[in-house]
file query.txt (compact mmCIF, C-alpha atoms)
# COMPACT_ATOMS: atom_id res chain seq x y z
CA MET A 34 -10.64 -8.49 -30.53
CA SER A 35 -7.42 -10.39 -31.32
CA ALA A 36 -6.04 -7.50 -33.38
CA ASN A 37 -6.88 -5.17 -30.53
CA LYS A 38 -5.14 -7.44 -28.07
CA GLN A 39 -1.92 -7.43 -30.11
CA LYS A 40 -1.65 -3.65 -29.70
CA LYS A 41 -1.61 -3.98 -25.94
CA PRO A 42 1.69 -4.85 -24.28
CA PRO A 43 1.63 -7.42 -21.47
CA VAL A 44 1.93 -6.35 -17.84
CA VAL A 45 4.24 -7.82 -15.21
CA ILE A 46 2.96 -7.36 -11.66
CA LEU A 47 5.62 -7.62 -8.97
CA GLY A 48 4.50 -8.45 -5.44
CA GLY A 49 1.38 -7.33 -3.65
CA SER A 50 -1.80 -9.20 -2.78
CA SER A 51 -5.24 -7.54 -2.88
CA ASN A 52 -3.83 -4.79 -5.10
CA ALA A 53 -2.17 -7.27 -7.48
CA LEU A 54 -5.41 -9.24 -7.74
CA SER A 55 -7.46 -6.14 -8.54
CA ILE A 56 -5.02 -4.97 -11.22
CA ALA A 57 -4.84 -8.44 -12.80
CA ARG A 58 -8.63 -8.54 -13.09
CA SER A 59 -8.95 -5.02 -14.46
CA LEU A 60 -6.26 -5.37 -17.11
CA GLY A 61 -7.13 -8.99 -17.90
CA LYS A 62 -10.67 -7.90 -18.74
CA GLN A 63 -9.17 -5.34 -21.14
CA GLY A 64 -7.44 -8.11 -23.08
CA VAL A 65 -4.00 -7.53 -21.57
CA ASP A 66 -1.77 -10.55 -20.94
CA VAL A 67 -1.05 -10.53 -17.20
CA TYR A 68 2.10 -12.04 -15.70
CA LEU A 69 2.12 -12.24 -11.91
CA SER A 70 5.05 -12.75 -9.57
CA VAL A 71 3.74 -12.88 -6.01
CA LEU A 72 4.36 -14.98 -2.92
CA ASN A 73 3.53 -18.65 -3.31
CA LYS A 74 -0.16 -19.36 -2.51
CA ASN A 75 -0.96 -15.65 -2.51
CA CYS A 76 -4.66 -15.04 -3.29
CA ALA A 77 -3.75 -13.17 -6.49
CA SER A 78 -1.97 -16.22 -7.89
CA TYR A 79 -5.30 -18.05 -8.31
CA THR A 80 -6.98 -15.51 -10.56
CA ARG A 81 -8.13 -16.73 -13.94
CA TYR A 82 -6.86 -13.49 -15.47
CA ALA A 83 -3.19 -14.40 -14.98
CA LYS A 84 -1.59 -15.83 -18.11
CA LYS A 85 1.31 -17.14 -16.02
CA VAL A 86 2.30 -16.95 -12.36
CA PHE A 87 5.89 -16.95 -11.13
CA PRO A 88 5.58 -17.79 -7.42
CA ILE A 89 8.09 -16.44 -4.91
CA VAL A 90 8.92 -19.06 -2.30
CA ASP A 91 10.89 -16.83 0.08
CA LYS A 92 9.94 -13.15 0.44
CA LYS A 93 13.48 -12.36 1.59
CA GLU A 94 14.76 -13.33 -1.85
CA ALA A 95 12.15 -11.53 -3.98
CA GLY A 96 14.62 -9.08 -5.52
CA GLU A 97 17.03 -11.81 -6.57
CA PHE A 98 14.14 -13.87 -7.97
CA TRP A 99 12.89 -10.97 -10.10
CA ALA A 100 16.39 -10.12 -11.33
CA GLU A 101 16.85 -13.68 -12.58
CA LEU A 102 13.34 -13.78 -14.04
CA MET A 103 13.34 -10.44 -15.86
CA LEU A 104 16.99 -9.73 -16.65
CA GLY A 105 18.13 -13.22 -17.60
CA LYS A 106 17.80 -14.81 -21.04
CA GLN A 107 14.94 -17.03 -19.89
CA GLY A 108 12.80 -13.94 -19.32
CA SER A 109 13.06 -12.60 -22.86
CA PHE A 110 9.40 -13.49 -23.53
CA LEU A 111 8.47 -10.82 -20.97
CA HIS A 112 10.27 -8.09 -22.87
CA GLY A 113 8.03 -5.22 -23.91
CA SER A 114 5.83 -5.55 -20.82
CA VAL A 115 4.61 -2.72 -18.62
CA VAL A 116 5.99 -3.24 -15.09
CA PHE A 117 3.78 -2.57 -12.06
CA PRO A 118 5.51 -2.94 -8.65
CA CYS A 119 2.84 -3.59 -6.01
CA ASN A 120 4.89 -3.74 -2.81
CA ASP A 121 8.01 -2.14 -1.35
CA ASP A 122 10.25 -4.97 -2.56
CA GLY A 123 8.98 -4.32 -6.08
CA ILE A 124 9.69 -0.58 -5.82
CA GLU A 125 13.19 -1.29 -4.53
CA PHE A 126 13.85 -3.80 -7.32
CA VAL A 127 12.69 -1.49 -10.13
CA ALA A 128 14.62 1.49 -8.70
CA LYS A 129 17.79 -0.56 -8.27
CA TYR A 130 17.72 -2.12 -11.75
CA ARG A 131 15.98 0.71 -13.61
CA ASP A 132 18.80 1.32 -16.11
CA GLN A 133 18.83 -2.34 -17.13
CA LEU A 134 15.06 -2.80 -17.08
CA LYS A 135 14.26 0.22 -19.23
CA ASN A 136 16.04 -1.38 -22.19
CA ASN A 137 13.40 -4.11 -22.43
CA TYR A 138 10.42 -3.02 -20.34
CA ILE A 139 7.97 -0.14 -20.09
CA LEU A 140 8.51 1.62 -16.77
CA ASP A 141 6.53 4.39 -15.12
CA ASP A 142 7.59 8.04 -14.81
CA SER A 143 9.05 7.65 -11.32
CA ILE A 144 12.43 9.00 -10.19
CA PRO A 145 14.39 6.08 -8.64
CA GLU A 146 16.20 8.16 -6.00
CA LEU A 147 12.90 9.63 -4.79
CA GLN A 148 11.23 6.20 -4.81
CA LEU A 149 13.95 4.90 -2.51
CA THR A 150 13.72 7.99 -0.30
CA LEU A 151 9.98 7.45 0.20
CA LEU A 152 10.62 3.83 1.19
CA ASN A 153 12.39 5.26 4.24
CA LYS A 154 9.90 6.64 6.77
CA ARG A 155 12.50 8.85 8.45
CA LYS A 156 13.52 10.44 5.16
CA THR A 157 9.85 10.84 4.19
CA LEU A 158 9.20 12.82 7.38
CA GLU A 159 12.35 14.90 6.85
CA LEU A 160 11.31 15.64 3.28
CA THR A 161 7.81 16.60 4.42
CA GLU A 162 9.19 18.90 7.11
CA SER A 163 11.55 20.54 4.59
CA ILE A 164 8.59 21.74 2.48
CA GLY A 165 6.74 23.08 5.49
CA LEU A 166 3.99 20.48 5.90
CA PRO A 167 2.97 19.18 9.36
CA ILE A 168 4.12 15.79 10.67
CA PRO A 169 3.89 13.93 14.00
CA LYS A 170 6.78 14.35 16.46
CA TYR A 171 9.40 11.62 16.12
CA VAL A 172 12.91 10.51 17.12
CA ALA A 173 15.08 8.36 14.87
CA VAL A 174 16.70 5.36 16.57
CA GLU A 175 19.50 3.76 14.57
CA SER A 176 21.87 2.73 17.37
CA ALA A 177 21.83 2.15 21.11
CA ALA A 178 23.17 5.68 21.63
CA ASP A 179 20.07 7.12 19.95
CA MET A 180 17.90 5.77 22.75
CA ASP A 181 19.25 8.58 24.94
CA LYS A 182 17.66 11.12 22.58
CA ILE A 183 14.17 10.02 23.59
CA ASP A 184 12.52 12.56 25.88
CA ALA A 185 12.18 11.13 29.41
CA ASP A 186 8.75 12.78 29.59
CA ILE A 187 7.56 11.23 26.35
CA GLN A 188 3.79 10.69 26.25
CA PHE A 189 2.64 7.08 25.82
CA PRO A 190 1.44 5.29 23.79
CA VAL A 191 4.06 5.74 21.06
CA ILE A 192 4.63 3.91 17.80
CA VAL A 193 7.90 2.22 16.91
CA LYS A 194 7.89 2.38 13.12
CA PRO A 195 10.46 0.87 10.80
CA GLN A 196 12.36 3.20 8.53
CA HIS A 197 12.04 0.46 5.89
CA SER A 198 8.78 -1.47 6.26
CA HIS A 199 9.71 -4.38 4.00
CA LEU A 200 12.91 -5.11 5.94
CA PHE A 201 11.07 -4.89 9.27
CA GLN A 202 8.35 -7.28 8.09
CA LYS A 203 10.95 -9.81 7.00
CA ALA A 204 12.56 -9.69 10.44
CA PHE A 205 9.29 -9.82 12.42
CA SER A 206 7.18 -12.22 10.32
CA GLY A 207 4.96 -9.63 8.67
CA THR A 208 4.56 -7.28 11.68
CA LYS A 209 4.43 -3.69 10.41
CA LEU A 210 5.13 -1.73 13.61
CA PHE A 211 5.04 -1.89 17.41
CA PHE A 212 2.46 0.02 19.43
CA VAL A 213 4.13 0.69 22.78
CA ASN A 214 2.42 1.62 26.04
CA ASN A 215 5.18 2.18 28.63
CA PRO A 216 8.95 2.85 29.02
CA ASP A 217 9.92 -0.76 29.74
CA GLU A 218 8.10 -2.01 26.67
CA LEU A 219 9.75 0.71 24.58
CA LYS A 220 13.23 -0.34 25.71
CA MET A 221 12.43 -3.98 25.00
CA ARG A 222 11.13 -3.24 21.49
CA LEU A 223 14.06 -0.99 20.61
CA LYS A 224 16.52 -3.66 21.75
CA GLN A 225 14.71 -6.15 19.52
CA VAL A 226 14.98 -4.00 16.41
CA LEU A 227 18.60 -3.04 17.06
CA ASP A 228 19.47 -6.74 17.46
CA PHE A 229 18.33 -7.11 13.83
CA ASP A 230 20.38 -4.03 12.80
CA LEU A 231 17.16 -2.28 11.82
CA LYS A 232 16.58 1.46 11.86
CA VAL A 233 13.32 2.80 13.30
CA ILE A 234 11.57 5.96 14.37
CA VAL A 235 9.76 6.45 17.66
CA ASN A 236 6.66 8.30 16.54
CA GLU A 237 4.14 10.15 18.68
CA PHE A 238 0.65 8.69 18.53
CA ILE A 239 -1.83 11.27 17.32
CA PRO A 240 -4.83 10.74 19.60
CA GLY A 241 -8.28 10.06 18.27
CA PRO A 242 -10.16 7.32 16.41
CA ASP A 243 -9.20 5.74 13.12
CA THR A 244 -11.98 7.71 11.41
CA LEU A 245 -9.56 10.67 11.45
CA LEU A 246 -7.41 8.89 8.85
CA GLY A 247 -7.60 9.77 5.17
CA SER A 248 -5.47 9.50 2.06
CA TYR A 249 -4.84 11.07 -1.32
CA TYR A 250 -3.81 9.40 -4.60
CA THR A 251 -2.46 10.92 -7.81
CA TYR A 252 -0.20 10.27 -10.79
CA ILE A 253 2.15 12.94 -12.11
CA ASP A 254 3.82 12.20 -15.43
CA SER A 255 7.26 13.29 -16.66
CA ASN A 256 5.75 16.46 -18.16
CA ASP A 257 4.13 17.43 -14.83
CA ASN A 258 0.64 16.47 -16.05
CA ILE A 259 -1.72 15.09 -13.41
CA LEU A 260 -3.77 12.08 -14.50
CA PHE A 261 -6.22 11.98 -11.58
CA HIS A 262 -7.02 12.97 -7.99
CA PHE A 263 -8.68 10.67 -5.45
CA THR A 264 -9.33 10.76 -1.70
CA LYS A 265 -10.87 8.30 0.75
CA LYS A 266 -11.07 7.81 4.49
CA VAL A 267 -10.89 4.95 6.98
CA VAL A 268 -13.80 3.73 9.09
CA ARG A 269 -12.05 0.98 11.09
CA ARG A 270 -8.68 -0.72 11.45
CA PHE A 271 -7.63 -3.91 13.19
CA PRO A 272 -5.99 -3.71 15.61
CA LYS A 273 -7.38 -0.31 16.55
CA ASN A 274 -4.98 2.58 15.90
CA ASN A 275 -2.11 0.49 14.59
CA GLY A 276 -3.40 -2.20 12.25
CA GLN A 277 -4.42 -2.37 8.61
CA ALA A 278 -7.61 -0.66 7.53
CA CYS A 279 -10.44 -3.17 7.24
CA TYR A 280 -13.22 -0.75 6.31
CA HIS A 281 -12.64 2.13 3.86
CA VAL A 282 -15.09 4.59 2.32
CA THR A 283 -14.77 6.85 -0.72
CA GLU A 284 -15.18 10.54 -0.02
CA TRP A 285 -13.84 13.65 -1.73
CA ILE A 286 -12.01 15.55 1.01
CA PRO A 287 -10.81 18.90 -0.39
CA ASP A 288 -8.18 19.76 2.23
CA ILE A 289 -6.62 16.28 2.02
CA ALA A 290 -6.44 16.62 -1.77
CA GLU A 291 -4.95 20.10 -1.48
CA ILE A 292 -2.24 19.16 1.00
CA GLY A 293 -1.59 15.83 -0.73
CA LEU A 294 -0.94 17.55 -4.05
CA LYS A 295 1.17 20.18 -2.27
CA PHE A 296 3.28 17.34 -0.84
CA PHE A 297 3.91 15.68 -4.20
CA LYS A 298 4.52 18.97 -6.00
CA GLY A 299 6.79 20.14 -3.20
CA ILE A 300 9.09 17.11 -3.50
CA ASN A 301 9.00 17.14 -7.35
CA PHE A 302 7.44 13.70 -7.37
CA ARG A 303 6.74 11.68 -10.53
CA GLY A 304 4.66 8.54 -10.97
CA LEU A 305 1.94 7.00 -8.81
CA GLY A 306 1.74 8.36 -5.28
CA ASN A 307 -0.41 7.85 -2.20
CA VAL A 308 -0.02 9.92 0.95
CA GLU A 309 -1.74 9.13 4.26
CA PHE A 310 -2.91 11.66 6.84
CA LYS A 311 -4.36 11.78 10.32
CA ARG A 312 -6.25 14.85 11.46
CA ASP A 313 -4.87 16.04 14.79
CA LEU A 314 -7.74 17.36 16.89
CA ARG A 315 -5.28 19.11 19.22
CA ASP A 316 -4.39 21.71 16.58
CA GLY A 317 -6.82 20.88 13.76
CA LYS A 318 -3.99 20.10 11.31
CA LEU A 319 -3.71 17.20 8.90
CA LYS A 320 -0.43 15.43 9.73
CA ILE A 321 1.31 13.36 7.07
CA ILE A 322 1.84 9.84 8.39
CA GLU A 323 3.54 8.17 5.44
CA SER A 324 3.64 7.94 1.67
CA ASN A 325 3.47 4.94 -0.69
CA ALA A 326 4.67 5.30 -4.27
CA ARG A 327 2.61 2.36 -5.54
CA PHE A 328 -0.83 0.75 -5.75
CA THR A 329 -2.26 0.05 -2.29
CA ALA A 330 -4.46 -2.60 -0.67
CA ALA A 331 -7.50 -0.40 -1.39
CA GLN A 332 -7.07 -0.69 -5.17
CA GLU A 333 -10.33 -2.62 -5.63
CA LEU A 334 -12.21 0.27 -4.00
CA LEU A 335 -10.80 2.66 -6.59
CA ALA A 336 -11.75 0.28 -9.38
CA GLY A 337 -15.26 -0.17 -7.97
CA CYS A 338 -16.06 3.53 -7.58
CA GLY A 339 -15.12 4.45 -11.14
CA MET A 340 -11.52 5.43 -10.47
CA ASP A 341 -9.65 2.45 -11.93
CA ILE A 342 -6.22 3.99 -11.90
CA SER A 343 -4.56 0.77 -13.08
CA ILE A 344 -6.16 1.19 -16.52
CA VAL A 345 -5.34 4.90 -16.63
CA ILE A 346 -1.68 4.35 -15.77
CA TYR A 347 -1.36 1.31 -18.04
CA ASN A 348 -2.82 3.19 -21.03
CA HIS A 349 -0.63 6.20 -20.32
CA LEU A 350 2.52 4.05 -20.28
CA ALA A 351 1.46 1.91 -23.25
CA GLY A 352 0.67 4.93 -25.43
CA LEU A 353 -3.06 4.12 -25.59
CA PRO A 354 -5.96 6.58 -25.13
CA VAL A 355 -6.05 7.57 -21.46
CA PRO A 356 -9.49 7.56 -19.79
CA GLN A 357 -10.39 10.86 -18.14
CA LEU A 358 -11.27 10.32 -14.48
CA ASN A 359 -12.90 13.52 -13.27
CA SER A 360 -15.27 12.10 -10.66
CA TYR A 361 -16.13 8.92 -8.77
CA LYS A 362 -18.88 7.44 -6.65
CA GLU A 363 -18.71 8.67 -3.06
CA GLY A 364 -19.88 6.65 -0.07
CA LEU A 365 -18.73 3.34 -1.56
CA THR A 366 -17.11 1.01 0.96
CA LEU A 367 -14.36 -1.59 0.84
CA TRP A 368 -14.86 -4.24 3.52
CA PHE A 369 -12.55 -6.97 4.78
CA PRO A 370 -15.14 -9.12 6.64
CA HIS A 371 -12.94 -11.25 8.90
CA GLN A 372 -10.64 -8.41 9.97
CA ASP A 373 -13.59 -6.08 10.54
CA TYR A 374 -15.31 -8.67 12.73
CA LEU A 375 -12.14 -8.82 14.83
CA ALA A 376 -12.16 -5.02 14.94
CA TYR A 377 -15.76 -5.13 16.22
CA LYS A 378 -14.81 -7.59 18.98
CA GLU A 379 -11.91 -5.40 20.06
CA LEU A 380 -14.01 -2.22 20.10
CA LYS A 381 -16.82 -4.02 21.94
CA LYS A 382 -14.44 -4.97 24.75
CA LEU A 383 -13.51 -1.31 25.00
CA ASN A 384 -17.20 -0.35 25.14
CA GLU A 385 -16.75 1.74 22.00
CA ILE A 386 -19.31 -0.10 19.86
CA THR A 387 -22.33 -2.36 20.23
CA PHE A 388 -23.24 -5.29 18.04
CA GLY A 389 -26.24 -3.34 16.74
CA LYS A 390 -24.13 -0.34 15.76
CA TRP A 391 -21.57 -2.57 14.04
CA ALA A 392 -24.29 -4.55 12.25
CA ARG A 393 -25.93 -1.37 11.00
CA SER A 394 -22.59 -0.08 9.74
CA ILE A 395 -22.03 -3.15 7.57
CA ALA A 396 -25.64 -3.58 6.40
CA ARG A 397 -24.96 -2.28 2.93
CA ARG A 398 -23.49 -3.37 -0.35
CA HIS A 399 -19.71 -3.33 -0.24
CA VAL A 400 -16.82 -3.70 -2.62
CA MET A 401 -15.09 -6.92 -1.56
CA PRO A 402 -11.29 -7.06 -1.78
CA HIS A 403 -11.10 -10.62 -3.14
CA PHE A 404 -14.46 -12.23 -3.88
CA LYS A 405 -16.01 -12.06 -7.34
CA LEU A 406 -18.43 -14.59 -8.80
CA SER A 407 -16.68 -14.25 -12.14
CA ASP A 408 -13.32 -15.12 -10.55
CA PRO A 409 -13.98 -17.10 -7.34
CA LEU A 410 -10.76 -19.08 -6.86
CA PRO A 411 -8.74 -16.27 -5.17
CA THR A 412 -11.31 -16.48 -2.36
CA ILE A 413 -12.18 -20.19 -2.38
CA ILE A 414 -8.69 -21.73 -2.45
CA PRO A 415 -7.21 -19.69 0.45
CA PHE A 416 -10.40 -20.32 2.45
CA LEU A 417 -10.23 -24.08 1.93
CA SER A 418 -6.53 -23.98 2.73
CA SER A 419 -7.22 -22.17 6.02
CA LEU A 420 -9.77 -24.83 6.99
CA LYS A 421 -7.32 -27.59 6.17
CA ASN A 422 -4.63 -25.99 8.34
CA LYS A 423 -6.91 -25.49 11.35
CA VAL A 424 -6.42 -27.74 14.33
CA PHE A 425 -9.78 -28.88 15.74

call {"tool": "encode", "arguments": {"input": "query.txt", "output": "C-alpha cells"}}
result
Amino acid sequence: MSANKQKKPPVVILGGSSNALSIARSLGKQGVDVYLSVLNKNCASYTRYAKKVFPIVDKKEAGEFWAELMLGKQGSFLHGSVVFPCNDDGIEFVAKYRDQLKNNYILDDSIPELQLTLLNKRKTLELTESIGLPIPKYVAVESAADMDKIDADIQFPVIVKPQHSHLFQKAFSGTKLFFVNNPDELKMRLKQVLDFDLKVIVNEFIPGPDTLLGSYYTYIDSNDNILFHFTKKVVRRFPKNNGQACYHVTEWIPDIAEIGLKFFKGINFRGLGNVEFKRDLRDGKLKIIESNARFTAAQELLAGCGMDISIVIYNHLAGLPVPQLNSYKEGLTLWFPHQDYLAYKELKKLNEITFGKWARSIARRHVMPHFKLSDPLPTIIPFLSSLKNKVF
C-alpha cells in the first residue's frame, strides 16, 4: 500500500466546490495525496481526504494567491503534483502561468490559447459558428454604442450573459447572468455591466423547459486519442430557465455526443471538455449554449454512474494504467435537495407541477453532491454554519 502510494504523484485542486470535493474523495481513496485550494469555508475544504487545505480568503485575488503558493519557494513541496483547475479562475491561472508551471508540475494536454478563448462566451459562439454548428442568436455589448445594435423588435425574454463568467460573478456577488423580460430592464442591466467595464452578450432565450438541456463530456489527449464519452441531461434548474441545474440524470444521447465531439474536433481541442446544448423545438436543432474546459458541478454524478473521469485523467497524466470507460449506468440522478425544493415551489406557483408529481420524481435513490456517511463533515459543517447565521 505505502509502496503503491509513493508511485502516485500528489494532486493540487484549484478552486471549485462540489466538483473539487468529488475529485478529492475519488483520488484520496486511491491513495493520492490531495492538496486543495478553495474559498475559505467551502464545503470541499472539510473533506477528510485533503492532506492540506490552502483557503482563499478573497475570490478576486485567487490568481495571485495561487501564483505565490505554487511558484514561490514556499510551495516547493507541491512540486511534482498533477494540477486540476476546477473553476474559471483556475483555468485562467494555469493558462497564464503554464510555461512556469510545467517546469515543476504535471499539467493536462490543454492548449492555453484555446482555454482562454473558451472562457469568453462571445468567442466560444464565434468559434462554434465558424465550424458550422448551430448557436442561439446573440449581440455582443462591449460599450454604450453597442446597445444601438440590438434589434428594436427583439423578442423577450432575453439573457444578458457575461463574456467572462468569473469576472461577472466577482462584480455581482456570484450572479451568473441576468434574465431580462422587457426593454427597460434590458437597458438597466446593460448600464450596470458597462459601469463595471464588463463585456456581455445579449442572447436569445431558446423557448422550452429545462428538460431540453443536455451536455457532452470528453478528454482528447495530445495525440488526438479520446479517453471517454459521456452525456447527461437536466431535469430541473433553479431558478427556472436561468439558474444552476439542481436535478441531473445520466442518459446516453447519441446526437448530443455526435455534435459535441464534432465541436471539439472542429476547434482542435485538447484536454477535458464539456459542451452544453439546448434543443430548439422551433427547428429541431441542438444549439450550443456554452463550453467548459474543466470538471463541472455534476462530477459526483459521473463518479457515481461508473464514469469517474477524475481517475482516468489523473492516471493518464501520471503515467499510470488508464481505466477503460466504455459504458455507464443510465437513469442515475444527481439531486441538490434544497435547490430542487425551491425549484418545486417556483414551478408550483406557475402551475407547472404539483406536490405529488414532484414527490414522485424524487422518490428514488440519488447521488448526493456532498453527503457521504464516510465523509460527513463537508455536509455537516456548512449546515451548522447556516443555522448559526440564521436570524430567528

call {"tool": "residues_around", "arguments": {"input": "query.txt", "residues": "Gln202 of chain A", "least_positions_apart": "6", "cutoff": "12 Å", "atoms": "only C-alpha atoms", "output": "list in words"}}
result
Lys92, Lys93, Asn120, Asp121, Asp122, Lys194, Pro195, Gln196, Thr208, Lys209, Leu210, Phe211, Val226, Phe229 and Leu231 of chain A

call {"tool": "atom_distance", "arguments": {"input": "query.txt", "atom1": "atom CA of Asn301 of chain A", "atom2": "atom CA of Ser163 of chain A"}}
result
12.7 Å

call {"tool": "residues_around", "arguments": {"input": "query.txt", "residues": "Tyr361 of chain A", "least_positions_apart": "2", "cutoff": "9 Å", "atoms": "only C-alpha atoms", "output": "PyMOL selection string"}}
result
chain A and resi 263+283-285+335+338-340+358-359+363

call {"tool": "write_last_selection", "arguments": {"input": "query.txt", "atoms": "C-alpha atoms", "output": "short mmCIF file (atom, residue, chain, number, x, y, z; two decimals), in the coordinates of the input"}}
result
data_model
loop_
_atom_site.label_atom_id
_atom_site.label_comp_id
_atom_site.auth_asym_id
_atom_site.auth_seq_id
_atom_site.Cartn_x
_atom_site.Cartn_y
_atom_site.Cartn_z
CA PHE A 263 -8.68 10.67 -5.45
CA THR A 283 -14.77 6.85 -0.72
CA GLU A 284 -15.18 10.54 -0.02
CA TRP A 285 -13.84 13.65 -1.73
CA LEU A 335 -10.80 2.66 -6.59
CA CYS A 338 -16.06 3.53 -7.58
CA GLY A 339 -15.12 4.45 -11.14
CA MET A 340 -11.52 5.43 -10.47
CA LEU A 358 -11.27 10.32 -14.48
CA ASN A 359 -12.90 13.52 -13.27
CA GLU A 363 -18.71 8.67 -3.06
#

call {"tool": "atom_distance", "arguments": {"input": "query.txt", "atom1": "atom CA of Lys266 of chain A", "atom2": "atom CA of Glu162 of chain A"}}
result
23.2 Å

call {"tool": "closest_residue", "arguments": {"input": "query.txt", "among": "A:Gly337, A:Gly48, A:Gly389, A:Gly352", "to": "Met401 of chain A", "atoms": "only C-alpha atoms"}}
result
A:Gly337

call {"tool": "atom_distance", "arguments": {"input": "query.txt", "atom1": "atom CA of Leu200 of chain A", "atom2": "atom CA of Ser255 of chain A"}}
result
29.7 Å

call {"tool": "closest_residue", "arguments": {"input": "query.txt", "among": "A:Tyr82, A:Phe201, A:Phe297, A:Phe110", "to": "Thr161 of chain A", "atoms": "all atoms listed in the file"}}
result
A:Phe297

call {"tool": "residues_around", "arguments": {"input": "query.txt", "residues": "Val115 of chain A", "least_positions_apart": "3", "cutoff": "12 Å", "atoms": "all atoms listed in the file", "output": "JSON, numbers by chain"}}
result
{"A": [41, 42, 43, 44, 45, 46, 47, 60, 65, 66, 67, 68, 69, 103, 111, 112, 118, 127, 134, 135, 137, 138, 139, 140, 141, 142, 343, 344, 346, 347, 348, 349, 350, 351, 352]}

call {"tool": "write_last_selection", "arguments": {"input": "query.txt", "atoms": "C-alpha atoms", "output": "short mmCIF file (atom, residue, chain, number, x, y, z; two decimals), in the frame of the given file"}}
result
data_model
loop_
_atom_site.label_atom_id
_atom_site.label_comp_id
_atom_site.auth_asym_id
_atom_site.auth_seq_id
_atom_site.Cartn_x
_atom_site.Cartn_y
_atom_site.Cartn_z
CA LYS A 41 -1.61 -3.98 -25.94
CA PRO A 42 1.69 -4.85 -24.28
CA PRO A 43 1.63 -7.42 -21.47
CA VAL A 44 1.93 -6.35 -17.84
CA VAL A 45 4.24 -7.82 -15.21
CA ILE A 46 2.96 -7.36 -11.66
CA LEU A 47 5.62 -7.62 -8.97
CA LEU A 60 -6.26 -5.37 -17.11
CA VAL A 65 -4.00 -7.53 -21.57
CA ASP A 66 -1.77 -10.55 -20.94
CA VAL A 67 -1.05 -10.53 -17.20
CA TYR A 68 2.10 -12.04 -15.70
CA LEU A 69 2.12 -12.24 -11.91
CA MET A 103 13.34 -10.44 -15.86
CA LEU A 111 8.47 -10.82 -20.97
CA HIS A 112 10.27 -8.09 -22.87
CA PRO A 118 5.51 -2.94 -8.65
CA VAL A 127 12.69 -1.49 -10.13
CA LEU A 134 15.06 -2.80 -17.08
CA LYS A 135 14.26 0.22 -19.23
CA ASN A 137 13.40 -4.11 -22.43
CA TYR A 138 10.42 -3.02 -20.34
CA ILE A 139 7.97 -0.14 -20.09
CA LEU A 140 8.51 1.62 -16.77
CA ASP A 141 6.53 4.39 -15.12
CA ASP A 142 7.59 8.04 -14.81
CA SER A 343 -4.56 0.77 -13.08
CA ILE A 344 -6.16 1.19 -16.52
CA ILE A 346 -1.68 4.35 -15.77
CA TYR A 347 -1.36 1.31 -18.04
CA ASN A 348 -2.82 3.19 -21.03
CA HIS A 349 -0.63 6.20 -20.32
CA LEU A 350 2.52 4.05 -20.28
CA ALA A 351 1.46 1.91 -23.25
CA GLY A 352 0.67 4.93 -25.43
#

call {"tool": "closest_residue", "arguments": {"input": "query.txt", "among": "A:Gly108, A:Gly293, A:Gly276, A:Pro287", "to": "Ile192 of chain A", "atoms": "all atoms listed in the file"}}
result
A:Gly276

call {"tool": "closest_residue", "arguments": {"input": "query.txt", "among": "A:Thr412, A:Pro354, A:Val71, A:Lys390", "to": "Asn52 of chain A", "atoms": "all atoms listed in the file"}}
result
A:Val71

call {"tool": "residues_near_point", "arguments": {"input": "query.txt", "point": "(4.8, -0.2, 0.3)", "cutoff": "8 Å", "atoms": "only C-alpha atoms", "output": "mmCIF file with C-alpha atoms, in the frame of the given file"}}
result
data_model
loop_
_atom_site.group_PDB
_atom_site.id
_atom_site.type_symbol
_atom_site.label_atom_id
_atom_site.label_comp_id
_atom_site.auth_asym_id
_atom_site.auth_seq_id
_atom_site.Cartn_x
_atom_site.Cartn_y
_atom_site.Cartn_z
ATOM 1 C CA CYS A 119 2.840 -3.590 -6.010
ATOM 2 C CA ASN A 120 4.890 -3.740 -2.810
ATOM 3 C CA ASP A 121 8.010 -2.140 -1.350
ATOM 4 C CA ASP A 122 10.250 -4.970 -2.560
ATOM 5 C CA ILE A 124 9.690 -0.580 -5.820
ATOM 6 C CA LEU A 152 10.620 3.830 1.190
ATOM 7 C CA SER A 198 8.780 -1.470 6.260
ATOM 8 C CA HIS A 199 9.710 -4.380 4.000
ATOM 9 C CA ASN A 325 3.470 4.940 -0.690
ATOM 10 C CA ALA A 326 4.670 5.300 -4.270
ATOM 11 C CA ARG A 327 2.610 2.360 -5.540
ATOM 12 C CA THR A 329 -2.260 0.050 -2.290
#

call {"tool": "closest_residue", "arguments": {"input": "query.txt", "among": "A:Ala278, A:Leu383, A:Ile56, A:Leu227", "to": "Asp243 of chain A", "atoms": "only C-alpha atoms"}}
result
A:Ala278

call {"tool": "closest_residue", "arguments": {"input": "query.txt", "among": "A:Leu294, A:Leu417, A:Val282, A:Leu406", "to": "Ile253 of chain A", "atoms": "only C-alpha atoms"}}
result
A:Leu294

call {"tool": "residues_near_point", "arguments": {"input": "query.txt", "point": "(-4.6, -9.0, -8.9)", "cutoff": "9 Å", "atoms": "only C-alpha atoms", "output": "ChimeraX atom specification"}}
result
/A:46,49-59,69,76-78,80,82-83,403

call {"tool": "residues_around", "arguments": {"input": "query.txt", "residues": "Ala173 of chain A", "least_positions_apart": "6", "cutoff": "7 Å", "atoms": "all atoms listed in the file", "output": "number ranges by chain"}}
result
A: 155, 233-235
